[in-house]
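Enquirer: The structure is given below, and queries will be raised subsequently.
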Amino acid sequence: MRTSSFNPTPHRRTRAAGWAAAFLMGALLAAPGEGTAQTDEQETVDMVVRLFDGMRERDRAKLESVFHETARLMRAGERDGQPMVSVTPIDQFIERVASAQGPIWDERIYNPVVQVDGNLAAVWVEYDFYLGDEFSHCGVDALHMARTESGWKIIQITDTQQREGCPDR
């Protein structure tokens, strides 16, 4: 299993483009057999960036393009001080985002860690969530992806959410 950690934040397009170029160059110059790992890692992070770009743009087609048809969104949180898990079907999530009114939903990611093994990938990434320019909450997204005939697709996102104790970034 390969693990990678780097920081391409989608709200800093130049930095993300720089990371993409660095990964591509690394893949081209890598010894045989190593290029696929770096390509897989970059492709999975690109999928996460595309997801959050789609959220900011409220672009239904872009959002639909990143998810497998059986995907789901889960939240690992608390209710009344007790641990709880909630599940949202991905079509409901896409509808909620695409039809949202008011401030833009802006999820900014930091410090992704990527693991790839064959046709399974996991991306663990810290995030800060803004409604327009106003900070809302922070947490972690854990995304599982599967390689399909049309490339990597998100099959599940599980997140946490907290309003206090968030890092200054």
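In the structure tokens, the first chain shown is A, the next is B, and so on; residue numbers restart at 1 for each chain, and ligands run from 1 in the order shown.
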Which residues are near Glu64 in chain A? Cut-off 9 Å, only C-alpha atoms, ignore same chain within fewer than 4 positions. Put them as a PyMOL selection string.
Expert: chain A and resi 51+59-60+68-69+90-91+94
Enquirer: Calculate how many Å separate CA of Ala122 in chain A from CA of Phe93 in chain A, rounding to one decimal.
Expert: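 For CA of Ala122 in chain A relative to CA of Phe93 in chain A, the distance reads 20.3 Å.
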Enquirer: Counting only C-alpha atoms, which residues of range 86-107 of chain A sit at most 7 Å from some atom of range 74-77 of chain A, and what is each one's closest atom pair with its distance in Å to one decimal, listed by chain and rising residue number, as JSON lines?
Expert:
{"residue": "A:Ser86", "atom": "CA", "partner": "A:Arg75", "partner_atom": "CA", "distance": 5.2}
{"residue": "A:Val87", "atom": "CA", "partner": "A:Met74", "partner_atom": "CA", "distance": 4.5}
{"residue": "A:Thr88", "atom": "CA", "partner": "A:Met74", "partner_atom": "CA", "distance": 6.2}
Enquirer: Write out as a list in words each polymer residue whose atoms come within 6 Å of range 137-154 of chain A, counting only C-alpha atoms; drop sequence neighbours fewer than 6 positions from it.
Expert: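 With the cut-off at 6 Å, the set is Val66, Phe67, His68, Asn119, Leu120, Ala121, Ala122, Val123, Trp124, Val125, Glu126, Tyr127, Asp128, Phe129, Thr160, Gln161, Gln162, Arg163 and Cys166 of chain A.
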Enquirer: Which residue gives the smallest distance to Val48 in chain A among A:Gln82, A:Gln156, A:Ser99, A:Ser136, with only C-alpha atoms counted?
Expert: A:Gln156
Enquirer: CA of Arg50 in chain A to CA of Glu107 in chain A: how many Å, to one decimal?
Expert: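 That distance, rounded to one decimal, is 11.4 Å.
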